[in-house]
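Data block for model.txt (compact mmCIF, N, CA and C atoms):
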```txt
# COMPACT_ATOMS: atom_id res chain seq x y z
N MET T 12 0.83 -1.20 0.00
CA MET T 12 0.00 0.00 0.00
C MET T 12 0.87 1.25 0.00
N GLY T 13 1.98 1.27 0.80
CA GLY T 13 2.86 2.43 0.86
C GLY T 13 3.45 2.77 -0.49
N LEU T 14 3.83 1.75 -1.26
CA LEU T 14 4.39 1.96 -2.59
C LEU T 14 3.35 2.56 -3.52
N PHE T 15 2.12 2.09 -3.41
CA PHE T 15 1.04 2.63 -4.21
C PHE T 15 0.83 4.11 -3.92
N LEU T 16 0.82 4.45 -2.62
CA LEU T 16 0.62 5.84 -2.23
C LEU T 16 1.73 6.74 -2.73
N ARG T 17 2.98 6.20 -2.75
CA ARG T 17 4.10 6.99 -3.24
C ARG T 17 3.95 7.30 -4.72
N GLY T 18 3.26 6.43 -5.43
CA GLY T 18 3.09 6.61 -6.87
C GLY T 18 1.96 7.55 -7.24
N LEU T 19 1.17 7.93 -6.28
CA LEU T 19 0.06 8.84 -6.60
C LEU T 19 0.59 10.17 -7.12
N PHE T 20 -0.15 10.73 -8.05
CA PHE T 20 0.29 11.97 -8.70
C PHE T 20 0.27 13.16 -7.75
N LEU T 21 -0.72 13.24 -6.90
CA LEU T 21 -0.82 14.39 -5.99
C LEU T 21 -1.01 13.93 -4.55
N LEU T 22 -0.33 14.59 -3.65
CA LEU T 22 -0.52 14.37 -2.22
C LEU T 22 -1.06 15.69 -1.67
N PHE T 23 -2.31 15.64 -1.22
CA PHE T 23 -2.95 16.88 -0.77
C PHE T 23 -3.00 16.99 0.75
N LEU T 24 -2.63 18.14 1.23
CA LEU T 24 -2.85 18.53 2.62
C LEU T 24 -3.60 19.84 2.56
N ILE T 25 -4.67 19.96 3.31
CA ILE T 25 -5.48 21.16 3.26
C ILE T 25 -5.16 22.07 4.45
N TYR T 26 -4.89 23.30 4.13
CA TYR T 26 -4.66 24.30 5.16
C TYR T 26 -5.70 25.41 5.01
N PHE T 27 -6.02 26.07 6.08
CA PHE T 27 -6.91 27.21 6.01
C PHE T 27 -6.14 28.43 6.49
N SER T 28 -6.08 29.44 5.64
CA SER T 28 -5.37 30.66 5.98
C SER T 28 -6.02 31.80 5.24
N SER T 29 -6.23 32.90 5.90
CA SER T 29 -6.84 34.10 5.30
C SER T 29 -8.18 33.78 4.65
N GLY T 30 -8.89 32.77 5.17
CA GLY T 30 -10.19 32.43 4.62
C GLY T 30 -10.13 31.65 3.32
N ALA T 31 -8.95 31.40 2.78
CA ALA T 31 -8.82 30.68 1.52
C ALA T 31 -8.31 29.26 1.80
N GLU T 32 -8.85 28.30 1.08
CA GLU T 32 -8.40 26.93 1.24
C GLU T 32 -7.13 26.72 0.43
N VAL T 33 -6.06 26.35 1.10
CA VAL T 33 -4.77 26.17 0.44
C VAL T 33 -4.51 24.67 0.29
N VAL T 34 -4.20 24.27 -0.92
CA VAL T 34 -3.82 22.89 -1.18
C VAL T 34 -2.31 22.83 -1.26
N THR T 35 -1.73 21.90 -0.52
CA THR T 35 -0.28 21.70 -0.54
C THR T 35 0.03 20.39 -1.22
N ILE T 36 0.97 20.43 -2.17
CA ILE T 36 1.39 19.21 -2.87
C ILE T 36 2.87 18.98 -2.62
N ASP T 37 3.30 17.75 -2.76
CA ASP T 37 4.72 17.45 -2.53
C ASP T 37 5.54 17.76 -3.78
N VAL T 38 6.86 17.70 -3.64
CA VAL T 38 7.74 18.08 -4.75
C VAL T 38 7.69 17.08 -5.90
N LYS T 39 7.37 15.83 -5.63
CA LYS T 39 7.26 14.84 -6.72
C LYS T 39 6.09 15.19 -7.62
N ALA T 40 4.96 15.55 -7.01
CA ALA T 40 3.81 16.00 -7.80
C ALA T 40 4.13 17.31 -8.51
N THR T 41 4.85 18.19 -7.83
CA THR T 41 5.24 19.47 -8.42
C THR T 41 6.05 19.25 -9.69
N LYS T 42 7.01 18.35 -9.63
CA LYS T 42 7.85 18.08 -10.79
C LYS T 42 7.00 17.64 -11.98
N GLY T 43 6.05 16.75 -11.74
CA GLY T 43 5.16 16.30 -12.82
C GLY T 43 4.31 17.42 -13.38
N LEU T 44 3.80 18.27 -12.51
CA LEU T 44 2.97 19.38 -12.97
C LEU T 44 3.78 20.39 -13.76
N LEU T 45 5.02 20.65 -13.35
CA LEU T 45 5.88 21.56 -14.10
C LEU T 45 6.13 21.02 -15.50
N GLU T 46 6.31 19.72 -15.60
CA GLU T 46 6.54 19.09 -16.91
C GLU T 46 5.31 19.15 -17.79
N SER T 47 4.13 19.36 -17.19
CA SER T 47 2.90 19.45 -17.97
C SER T 47 2.48 20.90 -18.24
N GLY T 48 3.34 21.87 -17.88
CA GLY T 48 3.07 23.25 -18.26
C GLY T 48 2.69 24.21 -17.15
N TYR T 49 2.66 23.77 -15.92
CA TYR T 49 2.36 24.69 -14.81
C TYR T 49 3.47 25.73 -14.67
N THR T 50 3.16 26.84 -14.04
CA THR T 50 4.12 27.90 -13.75
C THR T 50 4.56 27.77 -12.30
N TYR T 51 5.87 27.93 -12.05
CA TYR T 51 6.42 27.88 -10.69
C TYR T 51 6.73 29.29 -10.25
N LEU T 52 6.15 29.68 -9.14
CA LEU T 52 6.38 31.01 -8.57
C LEU T 52 7.23 30.83 -7.31
N ASP T 53 8.48 31.25 -7.38
CA ASP T 53 9.42 31.15 -6.27
C ASP T 53 9.31 32.44 -5.47
N VAL T 54 8.88 32.34 -4.22
CA VAL T 54 8.63 33.54 -3.42
C VAL T 54 9.76 33.83 -2.43
N ARG T 55 10.91 33.20 -2.62
CA ARG T 55 12.07 33.48 -1.77
C ARG T 55 12.69 34.82 -2.17
N THR T 56 13.64 35.27 -1.37
CA THR T 56 14.34 36.52 -1.71
C THR T 56 15.15 36.31 -2.99
N VAL T 57 15.51 37.39 -3.63
CA VAL T 57 16.33 37.32 -4.84
C VAL T 57 17.66 36.63 -4.54
N GLU T 58 18.22 36.93 -3.37
CA GLU T 58 19.50 36.33 -2.99
C GLU T 58 19.38 34.81 -2.87
N GLU T 59 18.31 34.34 -2.24
CA GLU T 59 18.09 32.89 -2.12
C GLU T 59 17.90 32.26 -3.50
N TYR T 60 17.09 32.92 -4.31
CA TYR T 60 16.79 32.43 -5.66
C TYR T 60 18.07 32.30 -6.49
N ASN T 61 18.91 33.31 -6.45
CA ASN T 61 20.14 33.30 -7.26
C ASN T 61 21.12 32.21 -6.85
N LYS T 62 21.06 31.79 -5.59
CA LYS T 62 21.94 30.71 -5.11
C LYS T 62 21.52 29.35 -5.64
N GLY T 63 20.29 29.25 -6.13
CA GLY T 63 19.79 28.01 -6.69
C GLY T 63 18.27 27.97 -6.62
N HIS T 64 17.64 27.50 -7.71
CA HIS T 64 16.19 27.44 -7.75
C HIS T 64 15.74 26.28 -8.63
N VAL T 65 14.47 25.96 -8.52
CA VAL T 65 13.86 24.93 -9.35
C VAL T 65 14.11 25.27 -10.81
N ASP T 66 14.49 24.27 -11.59
CA ASP T 66 14.73 24.49 -13.01
C ASP T 66 13.49 24.08 -13.78
N GLY T 67 13.07 24.93 -14.69
CA GLY T 67 11.89 24.65 -15.50
C GLY T 67 11.69 25.75 -16.52
N GLU T 68 10.66 25.56 -17.35
CA GLU T 68 10.42 26.53 -18.42
C GLU T 68 9.76 27.81 -17.94
N LYS T 69 8.79 27.70 -17.04
CA LYS T 69 8.04 28.87 -16.57
C LYS T 69 8.29 29.07 -15.09
N ILE T 70 9.36 29.78 -14.78
CA ILE T 70 9.76 30.04 -13.39
C ILE T 70 9.85 31.55 -13.18
N PHE T 71 9.18 32.05 -12.15
CA PHE T 71 9.26 33.46 -11.81
C PHE T 71 9.68 33.60 -10.35
N ASN T 72 10.50 34.60 -10.07
CA ASN T 72 10.91 34.90 -8.70
C ASN T 72 10.30 36.24 -8.29
N ILE T 73 9.33 36.18 -7.39
CA ILE T 73 8.73 37.38 -6.83
C ILE T 73 8.72 37.19 -5.31
N PRO T 74 9.62 37.87 -4.60
CA PRO T 74 9.71 37.68 -3.15
C PRO T 74 8.42 38.04 -2.43
N TYR T 75 8.03 37.16 -1.51
CA TYR T 75 6.87 37.44 -0.65
C TYR T 75 7.29 38.30 0.53
N MET T 76 8.54 38.15 0.94
CA MET T 76 9.07 38.92 2.05
C MET T 76 10.47 39.42 1.70
N PHE T 77 10.85 40.50 2.35
CA PHE T 77 12.19 41.06 2.20
C PHE T 77 12.91 40.99 3.54
N ASN T 78 14.23 40.81 3.49
CA ASN T 78 15.05 40.89 4.70
C ASN T 78 15.41 42.35 4.95
N THR T 79 15.19 42.81 6.17
CA THR T 79 15.55 44.17 6.56
C THR T 79 16.34 44.07 7.87
N PRO T 80 16.99 45.16 8.27
CA PRO T 80 17.69 45.13 9.56
C PRO T 80 16.77 44.79 10.74
N GLU T 81 15.48 45.08 10.60
CA GLU T 81 14.50 44.80 11.65
C GLU T 81 13.92 43.40 11.54
N GLY T 82 14.29 42.65 10.51
CA GLY T 82 13.74 41.32 10.27
C GLY T 82 13.03 41.27 8.93
N ARG T 83 12.29 40.20 8.71
CA ARG T 83 11.56 40.06 7.45
C ARG T 83 10.28 40.86 7.46
N VAL T 84 10.01 41.51 6.33
CA VAL T 84 8.77 42.25 6.16
C VAL T 84 8.11 41.81 4.85
N LYS T 85 6.80 41.81 4.85
CA LYS T 85 6.04 41.39 3.68
C LYS T 85 6.24 42.38 2.53
N ASN T 86 6.40 41.87 1.34
CA ASN T 86 6.51 42.68 0.14
C ASN T 86 5.16 43.34 -0.12
N PRO T 87 5.07 44.67 0.02
CA PRO T 87 3.77 45.34 -0.15
C PRO T 87 3.24 45.29 -1.58
N ASN T 88 4.11 45.00 -2.55
CA ASN T 88 3.71 44.95 -3.96
C ASN T 88 3.59 43.53 -4.49
N PHE T 89 3.58 42.53 -3.60
CA PHE T 89 3.59 41.14 -4.03
C PHE T 89 2.47 40.82 -5.02
N LEU T 90 1.24 41.10 -4.66
CA LEU T 90 0.11 40.76 -5.54
C LEU T 90 0.17 41.53 -6.86
N LYS T 91 0.56 42.77 -6.81
CA LYS T 91 0.69 43.58 -8.03
C LYS T 91 1.77 43.00 -8.95
N GLU T 92 2.90 42.59 -8.36
CA GLU T 92 3.99 42.02 -9.15
C GLU T 92 3.60 40.68 -9.77
N VAL T 93 2.91 39.85 -9.00
CA VAL T 93 2.45 38.57 -9.55
C VAL T 93 1.46 38.81 -10.68
N SER T 94 0.54 39.76 -10.48
CA SER T 94 -0.46 40.07 -11.52
C SER T 94 0.19 40.61 -12.79
N GLY T 95 1.39 41.14 -12.66
CA GLY T 95 2.11 41.64 -13.84
C GLY T 95 2.67 40.54 -14.72
N VAL T 96 2.85 39.34 -14.17
CA VAL T 96 3.42 38.24 -14.97
C VAL T 96 2.50 37.03 -15.07
N CYS T 97 1.45 36.98 -14.25
CA CYS T 97 0.54 35.84 -14.25
C CYS T 97 -0.91 36.32 -14.31
N LYS T 98 -1.75 35.49 -14.92
CA LYS T 98 -3.18 35.77 -14.98
C LYS T 98 -3.87 34.97 -13.88
N GLU T 99 -5.04 35.42 -13.46
CA GLU T 99 -5.78 34.75 -12.39
C GLU T 99 -6.11 33.30 -12.74
N GLU T 100 -6.22 32.98 -14.02
CA GLU T 100 -6.56 31.61 -14.42
C GLU T 100 -5.33 30.72 -14.66
N ASP T 101 -4.13 31.27 -14.55
CA ASP T 101 -2.91 30.46 -14.72
C ASP T 101 -2.82 29.40 -13.64
N LYS T 102 -2.19 28.29 -13.98
CA LYS T 102 -1.96 27.21 -13.02
C LYS T 102 -0.62 27.44 -12.35
N LEU T 103 -0.66 27.82 -11.06
CA LEU T 103 0.54 28.23 -10.34
C LEU T 103 0.91 27.25 -9.23
N LEU T 104 2.21 27.01 -9.12
CA LEU T 104 2.80 26.26 -8.02
C LEU T 104 3.69 27.24 -7.28
N VAL T 105 3.43 27.45 -5.99
CA VAL T 105 4.14 28.46 -5.22
C VAL T 105 5.09 27.78 -4.24
N GLY T 106 6.37 28.13 -4.37
CA GLY T 106 7.37 27.51 -3.51
C GLY T 106 8.29 28.54 -2.88
N CYS T 107 8.89 28.13 -1.76
CA CYS T 107 9.88 28.95 -1.07
C CYS T 107 11.01 28.03 -0.62
N GLN T 108 11.66 28.33 0.48
CA GLN T 108 12.76 27.50 0.95
C GLN T 108 12.26 26.20 1.60
N SER T 109 11.22 26.32 2.45
CA SER T 109 10.75 25.14 3.18
C SER T 109 9.24 24.92 3.13
N GLY T 110 8.49 25.88 2.60
CA GLY T 110 7.05 25.73 2.47
C GLY T 110 6.22 26.64 3.35
N VAL T 111 6.87 27.49 4.15
CA VAL T 111 6.11 28.36 5.05
C VAL T 111 5.69 29.66 4.36
N ARG T 112 6.66 30.40 3.81
CA ARG T 112 6.31 31.64 3.11
C ARG T 112 5.36 31.35 1.95
N SER T 113 5.60 30.25 1.25
CA SER T 113 4.75 29.93 0.11
C SER T 113 3.32 29.61 0.54
N LEU T 114 3.14 29.07 1.74
CA LEU T 114 1.79 28.82 2.25
C LEU T 114 1.03 30.12 2.39
N TYR T 115 1.66 31.13 2.99
CA TYR T 115 1.02 32.44 3.14
C TYR T 115 0.82 33.12 1.78
N ALA T 116 1.81 33.01 0.90
CA ALA T 116 1.69 33.62 -0.42
C ALA T 116 0.54 32.98 -1.21
N THR T 117 0.42 31.66 -1.11
CA THR T 117 -0.66 30.95 -1.80
C THR T 117 -2.01 31.42 -1.29
N ALA T 118 -2.14 31.54 0.03
CA ALA T 118 -3.40 32.01 0.61
C ALA T 118 -3.74 33.42 0.12
N ASP T 119 -2.74 34.29 0.06
CA ASP T 119 -2.97 35.65 -0.43
C ASP T 119 -3.41 35.65 -1.90
N LEU T 120 -2.77 34.80 -2.71
CA LEU T 120 -3.13 34.73 -4.13
C LEU T 120 -4.56 34.22 -4.31
N LEU T 121 -4.94 33.20 -3.56
CA LEU T 121 -6.31 32.68 -3.63
C LEU T 121 -7.31 33.75 -3.20
N SER T 122 -6.99 34.46 -2.15
CA SER T 122 -7.88 35.53 -1.66
C SER T 122 -8.01 36.66 -2.66
N ALA T 123 -6.96 36.86 -3.48
CA ALA T 123 -6.96 37.93 -4.48
C ALA T 123 -7.65 37.51 -5.78
N GLY T 124 -8.11 36.26 -5.86
CA GLY T 124 -8.85 35.83 -7.05
C GLY T 124 -8.14 34.85 -7.97
N PHE T 125 -6.89 34.51 -7.67
CA PHE T 125 -6.22 33.48 -8.46
C PHE T 125 -6.90 32.16 -8.13
N ARG T 126 -7.18 31.35 -9.16
CA ARG T 126 -8.04 30.20 -8.97
C ARG T 126 -7.32 28.86 -8.83
N ASP T 127 -6.22 28.68 -9.53
CA ASP T 127 -5.54 27.37 -9.54
C ASP T 127 -4.13 27.54 -9.00
N VAL T 128 -4.03 27.63 -7.68
CA VAL T 128 -2.76 27.89 -7.01
C VAL T 128 -2.53 26.82 -5.95
N SER T 129 -1.35 26.22 -5.94
CA SER T 129 -1.02 25.22 -4.94
C SER T 129 0.30 25.57 -4.27
N ASN T 130 0.39 25.25 -3.00
CA ASN T 130 1.60 25.43 -2.23
C ASN T 130 2.49 24.20 -2.41
N VAL T 131 3.79 24.43 -2.56
CA VAL T 131 4.75 23.32 -2.69
C VAL T 131 5.30 22.99 -1.30
N GLY T 132 4.85 21.88 -0.75
CA GLY T 132 5.28 21.45 0.57
C GLY T 132 6.76 21.09 0.59
N GLY T 133 7.46 21.60 1.58
CA GLY T 133 8.89 21.31 1.70
C GLY T 133 9.78 22.23 0.91
N GLY T 134 9.21 22.93 -0.07
CA GLY T 134 9.94 23.93 -0.84
C GLY T 134 11.21 23.45 -1.51
N TYR T 135 12.12 24.40 -1.67
CA TYR T 135 13.38 24.13 -2.37
C TYR T 135 14.22 23.09 -1.64
N LEU T 136 14.14 23.05 -0.32
CA LEU T 136 14.89 22.05 0.44
C LEU T 136 14.45 20.64 0.05
N ALA T 137 13.15 20.41 -0.03
CA ALA T 137 12.65 19.09 -0.42
C ALA T 137 12.99 18.80 -1.88
N TRP T 138 12.95 19.83 -2.72
CA TRP T 138 13.29 19.67 -4.14
C TRP T 138 14.73 19.16 -4.28
N THR T 139 15.66 19.79 -3.56
CA THR T 139 17.06 19.38 -3.68
C THR T 139 17.31 18.04 -2.99
N GLU T 140 16.59 17.74 -1.93
CA GLU T 140 16.72 16.43 -1.28
C GLU T 140 16.35 15.29 -2.23
N ASN T 141 15.44 15.58 -3.16
CA ASN T 141 15.03 14.58 -4.15
C ASN T 141 15.92 14.60 -5.40
N VAL T 142 16.94 15.44 -5.37
CA VAL T 142 17.92 15.57 -6.46
C VAL T 142 17.23 15.89 -7.79
N PHE T 143 16.24 16.79 -7.72
CA PHE T 143 15.58 17.27 -8.93
C PHE T 143 16.40 18.40 -9.53
N PRO T 144 16.17 18.71 -10.82
CA PRO T 144 16.99 19.72 -11.50
C PRO T 144 16.91 21.11 -10.86
N VAL T 145 18.09 21.71 -10.71
CA VAL T 145 18.17 23.07 -10.18
C VAL T 145 18.99 23.93 -11.14
N LYS T 146 18.81 25.22 -11.01
CA LYS T 146 19.57 26.17 -11.81
C LYS T 146 20.15 27.20 -10.86
N ILE T 147 21.40 27.55 -11.09
CA ILE T 147 22.06 28.58 -10.29
C ILE T 147 22.34 29.76 -11.20
N GLU T 148 21.87 30.93 -10.77
CA GLU T 148 22.06 32.13 -11.58
C GLU T 148 23.50 32.59 -11.47
N LYS T 149 24.06 32.99 -12.59
CA LYS T 149 25.43 33.51 -12.59
C LYS T 149 25.41 34.92 -12.07
N GLU T 150 26.35 35.21 -11.18
CA GLU T 150 26.46 36.57 -10.65
C GLU T 150 27.14 37.44 -11.68
N GLU T 151 26.61 38.65 -11.83
CA GLU T 151 27.26 39.60 -12.73
C GLU T 151 28.45 40.18 -12.02
N ARG T 152 29.57 40.18 -12.70
CA ARG T 152 30.80 40.69 -12.09
C ARG T 152 31.27 41.90 -12.87
N ASP T 153 31.76 42.86 -12.14
CA ASP T 153 32.33 44.04 -12.79
C ASP T 153 33.70 43.68 -13.36
N GLU T 154 33.93 44.09 -14.59
CA GLU T 154 35.23 43.83 -15.19
C GLU T 154 36.20 44.93 -14.78
N LEU T 155 37.40 44.54 -14.48
CA LEU T 155 38.42 45.52 -14.06
C LEU T 155 39.08 46.15 -15.25
```

Translate this file's structure into structure tokens.
Amino acid sequence: MGLFLRGLFLLFLIYFSSGAEVVTIDVKATKGLLESGYTYLDVRTVEEYNKGHVDGEKIFNIPYMFNTPEGRVKNPNFLKEVSGVCKEEDKLLVGCQSGVRSLYATADLLSAGFRDVSNVGGGYLAWTENVFPVKIEKEERDEL
């Protein structure tokens, strides 16, 4: 039975946040959905993203939170920035480092009218633990 369950396409955990029902899927299901055309929205900071991120055709990095000297603060333009690159009917997979920020970001997107949005449980850490494809952005260097 355990082997059968591992083979299932989607593993759903339901969370309730901000009045919106959030569906969380595991990284194995995420990989399959990305291969079928879903968009991956990485909500980590730009610095985290540049150190390594999920590799795929439709990947966007829009931070949900920013690091400040006072701690992390929510990106006040998050929904506006997502709306600039995604439509409400797009099929979105939202991931972060471990699955916490993406849970809140997913709830916000659902509350804002996005219809097909899922949280990626375990985030980038789970993705790399499964040795799935990653991409590391090259840092721009000033030439001397």

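With CA of Asn61 (chain T) on one side and CA of Gly124 (chain T) on the other, the separation reads 29.1 Å.
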
Pick out the residues sitting within 6 Å of Pro144 (chain T), and hand them over as a PDB file with N, CA and C atoms, in the frame of the given file; count all atoms listed in the file, and ignore anything fewer than 3 positions along from it in its own chain.
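This went into around-v7.pdb:
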```pdb
ATOM      1  N   HIS T  64      17.640  27.500  -7.710  1.00  0.00           N
ATOM      2  CA  HIS T  64      16.190  27.440  -7.750  1.00  0.00           C
ATOM      3  C   HIS T  64      15.740  26.280  -8.630  1.00  0.00           C
ATOM      4  N   VAL T  65      14.470  25.960  -8.520  1.00  0.00           N
ATOM      5  CA  VAL T  65      13.860  24.930  -9.350  1.00  0.00           C
ATOM      6  C   VAL T  65      14.110  25.270 -10.810  1.00  0.00           C
ATOM      7  N   ASP T  66      14.490  24.270 -11.590  1.00  0.00           N
ATOM      8  CA  ASP T  66      14.730  24.490 -13.010  1.00  0.00           C
ATOM      9  C   ASP T  66      13.490  24.080 -13.780  1.00  0.00           C
TER      10      ASP T  66
END
```

- [ ] For region 104-110 of chain T, please output as a PyMOL selection string all residues within 6 Å (counting only C-alpha atoms; exclusion window: fewer than 4 positions along the same chain).
- [x] chain T and resi 51-55+128-136

- [ ] Could you please write out, as an MDAnalysis selection string, every residue of chain T that DSSP assigns to strand (DSSP E or B)?
- [x] chainID T and resid 24:28 31:36 50:53 64:65 70:72 76:79 82:85 102:106 127:131 145:146

Take the residues that were just selected and, keeping N, CA and C atoms, output them as a compact mmCIF listing (two decimals), in the frame of the given file.
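Ended up saving to result_0.txt:
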```txt
# COMPACT_ATOMS: atom_id res chain seq x y z
N LEU T 24 -2.63 18.14 1.23
CA LEU T 24 -2.85 18.53 2.62
C LEU T 24 -3.60 19.84 2.56
N ILE T 25 -4.67 19.96 3.31
CA ILE T 25 -5.48 21.16 3.26
C ILE T 25 -5.16 22.07 4.45
N TYR T 26 -4.89 23.30 4.13
CA TYR T 26 -4.66 24.30 5.16
C TYR T 26 -5.70 25.41 5.01
N PHE T 27 -6.02 26.07 6.08
CA PHE T 27 -6.91 27.21 6.01
C PHE T 27 -6.14 28.43 6.49
N SER T 28 -6.08 29.44 5.64
CA SER T 28 -5.37 30.66 5.98
C SER T 28 -6.02 31.80 5.24
N ALA T 31 -8.95 31.40 2.78
CA ALA T 31 -8.82 30.68 1.52
C ALA T 31 -8.31 29.26 1.80
N GLU T 32 -8.85 28.30 1.08
CA GLU T 32 -8.40 26.93 1.24
C GLU T 32 -7.13 26.72 0.43
N VAL T 33 -6.06 26.35 1.10
CA VAL T 33 -4.77 26.17 0.44
C VAL T 33 -4.51 24.67 0.29
N VAL T 34 -4.20 24.27 -0.92
CA VAL T 34 -3.82 22.89 -1.18
C VAL T 34 -2.31 22.83 -1.26
N THR T 35 -1.73 21.90 -0.52
CA THR T 35 -0.28 21.70 -0.54
C THR T 35 0.03 20.39 -1.22
N ILE T 36 0.97 20.43 -2.17
CA ILE T 36 1.39 19.21 -2.87
C ILE T 36 2.87 18.98 -2.62
N THR T 50 3.16 26.84 -14.04
CA THR T 50 4.12 27.90 -13.75
C THR T 50 4.56 27.77 -12.30
N TYR T 51 5.87 27.93 -12.05
CA TYR T 51 6.42 27.88 -10.69
C TYR T 51 6.73 29.29 -10.25
N LEU T 52 6.15 29.68 -9.14
CA LEU T 52 6.38 31.01 -8.57
C LEU T 52 7.23 30.83 -7.31
N ASP T 53 8.48 31.25 -7.38
CA ASP T 53 9.42 31.15 -6.27
C ASP T 53 9.31 32.44 -5.47
N HIS T 64 17.64 27.50 -7.71
CA HIS T 64 16.19 27.44 -7.75
C HIS T 64 15.74 26.28 -8.63
N VAL T 65 14.47 25.96 -8.52
CA VAL T 65 13.86 24.93 -9.35
C VAL T 65 14.11 25.27 -10.81
N ILE T 70 9.36 29.78 -14.78
CA ILE T 70 9.76 30.04 -13.39
C ILE T 70 9.85 31.55 -13.18
N PHE T 71 9.18 32.05 -12.15
CA PHE T 71 9.26 33.46 -11.81
C PHE T 71 9.68 33.60 -10.35
N ASN T 72 10.50 34.60 -10.07
CA ASN T 72 10.91 34.90 -8.70
C ASN T 72 10.30 36.24 -8.29
N MET T 76 8.54 38.15 0.94
CA MET T 76 9.07 38.92 2.05
C MET T 76 10.47 39.42 1.70
N PHE T 77 10.85 40.50 2.35
CA PHE T 77 12.19 41.06 2.20
C PHE T 77 12.91 40.99 3.54
N ASN T 78 14.23 40.81 3.49
CA ASN T 78 15.05 40.89 4.70
C ASN T 78 15.41 42.35 4.95
N THR T 79 15.19 42.81 6.17
CA THR T 79 15.55 44.17 6.56
C THR T 79 16.34 44.07 7.87
N GLY T 82 14.29 42.65 10.51
CA GLY T 82 13.74 41.32 10.27
C GLY T 82 13.03 41.27 8.93
N ARG T 83 12.29 40.20 8.71
CA ARG T 83 11.56 40.06 7.45
C ARG T 83 10.28 40.86 7.46
N VAL T 84 10.01 41.51 6.33
CA VAL T 84 8.77 42.25 6.16
C VAL T 84 8.11 41.81 4.85
N LYS T 85 6.80 41.81 4.85
CA LYS T 85 6.04 41.39 3.68
C LYS T 85 6.24 42.38 2.53
N LYS T 102 -2.19 28.29 -13.98
CA LYS T 102 -1.96 27.21 -13.02
C LYS T 102 -0.62 27.44 -12.35
N LEU T 103 -0.66 27.82 -11.06
CA LEU T 103 0.54 28.23 -10.34
C LEU T 103 0.91 27.25 -9.23
N LEU T 104 2.21 27.01 -9.12
CA LEU T 104 2.80 26.26 -8.02
C LEU T 104 3.69 27.24 -7.28
N VAL T 105 3.43 27.45 -5.99
CA VAL T 105 4.14 28.46 -5.22
C VAL T 105 5.09 27.78 -4.24
N GLY T 106 6.37 28.13 -4.37
CA GLY T 106 7.37 27.51 -3.51
C GLY T 106 8.29 28.54 -2.88
N ASP T 127 -6.22 28.68 -9.53
CA ASP T 127 -5.54 27.37 -9.54
C ASP T 127 -4.13 27.54 -9.00
N VAL T 128 -4.03 27.63 -7.68
CA VAL T 128 -2.76 27.89 -7.01
C VAL T 128 -2.53 26.82 -5.95
N SER T 129 -1.35 26.22 -5.94
CA SER T 129 -1.02 25.22 -4.94
C SER T 129 0.30 25.57 -4.27
N ASN T 130 0.39 25.25 -3.00
CA ASN T 130 1.60 25.43 -2.23
C ASN T 130 2.49 24.20 -2.41
N VAL T 131 3.79 24.43 -2.56
CA VAL T 131 4.75 23.32 -2.69
C VAL T 131 5.30 22.99 -1.30
N VAL T 145 18.09 21.71 -10.71
CA VAL T 145 18.17 23.07 -10.18
C VAL T 145 18.99 23.93 -11.14
N LYS T 146 18.81 25.22 -11.01
CA LYS T 146 19.57 26.17 -11.81
C LYS T 146 20.15 27.20 -10.86
```

Task: All residues 8 Å or closer to Arg126 (chain T), only C-alpha atoms, same chain fewer than 2 positions away omitted, as a ChimeraX atom specification - done: /T:99-102,121,124,128

Just to be explicit: take each residue in the selection above, keep N, CA and C atoms, and write the result as an mmCIF file, in the coordinates of the input.
```cif
data_model
loop_
_atom_site.group_PDB
_atom_site.id
_atom_site.type_symbol
_atom_site.label_atom_id
_atom_site.label_comp_id
_atom_site.auth_asym_id
_atom_site.auth_seq_id
_atom_site.Cartn_x
_atom_site.Cartn_y
_atom_site.Cartn_z
ATOM 1 N N GLU T 99 -5.040 35.420 -13.460
ATOM 2 C CA GLU T 99 -5.780 34.750 -12.390
ATOM 3 C C GLU T 99 -6.110 33.300 -12.740
ATOM 4 N N GLU T 100 -6.220 32.980 -14.020
ATOM 5 C CA GLU T 100 -6.560 31.610 -14.420
ATOM 6 C C GLU T 100 -5.330 30.720 -14.660
ATOM 7 N N ASP T 101 -4.130 31.270 -14.550
ATOM 8 C CA ASP T 101 -2.910 30.460 -14.720
ATOM 9 C C ASP T 101 -2.820 29.400 -13.640
ATOM 10 N N LYS T 102 -2.190 28.290 -13.980
ATOM 11 C CA LYS T 102 -1.960 27.210 -13.020
ATOM 12 C C LYS T 102 -0.620 27.440 -12.350
ATOM 13 N N LEU T 121 -4.940 33.200 -3.560
ATOM 14 C CA LEU T 121 -6.310 32.680 -3.630
ATOM 15 C C LEU T 121 -7.310 33.750 -3.200
ATOM 16 N N GLY T 124 -8.110 36.260 -5.860
ATOM 17 C CA GLY T 124 -8.850 35.830 -7.050
ATOM 18 C C GLY T 124 -8.140 34.850 -7.970
ATOM 19 N N VAL T 128 -4.030 27.630 -7.680
ATOM 20 C CA VAL T 128 -2.760 27.890 -7.010
ATOM 21 C C VAL T 128 -2.530 26.820 -5.950
#
```

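Computed from the coordinates, the CA of Ile147 (chain T) to CA of Phe125 (chain T) distance equals 28.8 Å.
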
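Separating CA of Asn86 (chain T) from CA of Asp127 (chain T) is a distance of 21.8 Å.
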
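In this comparison, which uses all atoms listed in the file, the residue of T:Arg83, T:Ala116, T:Val34, T:Thr50 approaching Phe71 (chain T) most closely is T:Thr50.
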
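Nearest residue to Glu32 (chain T), choosing from T:Ser122, T:Thr139, T:Thr79, T:Asn72 and counting only C-alpha atoms: T:Ser122.
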
Task: Those of chain T in DSSP helix (DSSP H, G or I), formatted as a PyMOL selection string - done: chain T and resi 13-18+38-46+57-62+89-96+111-122+134-140

6 Å contact set for Glu148 (chain T), all atoms listed in the file, chain neighbours under 3 positions out, as a CSV table (one decimal) with N, CA and C atoms, in the frame of the given file:
```csv
chain,number,residue,atom,x,y,z
T,60,TYR,N,17.1,32.9,-4.3
T,60,TYR,CA,16.8,32.4,-5.7
T,60,TYR,C,18.1,32.3,-6.5
T,61,ASN,N,18.9,33.3,-6.4
T,61,ASN,CA,20.1,33.3,-7.3
T,61,ASN,C,21.1,32.2,-6.8
T,62,LYS,N,21.1,31.8,-5.6
T,62,LYS,CA,21.9,30.7,-5.1
T,62,LYS,C,21.5,29.4,-5.6
T,63,GLY,N,20.3,29.2,-6.1
T,63,GLY,CA,19.8,28.0,-6.7
T,63,GLY,C,18.3,28.0,-6.6
```
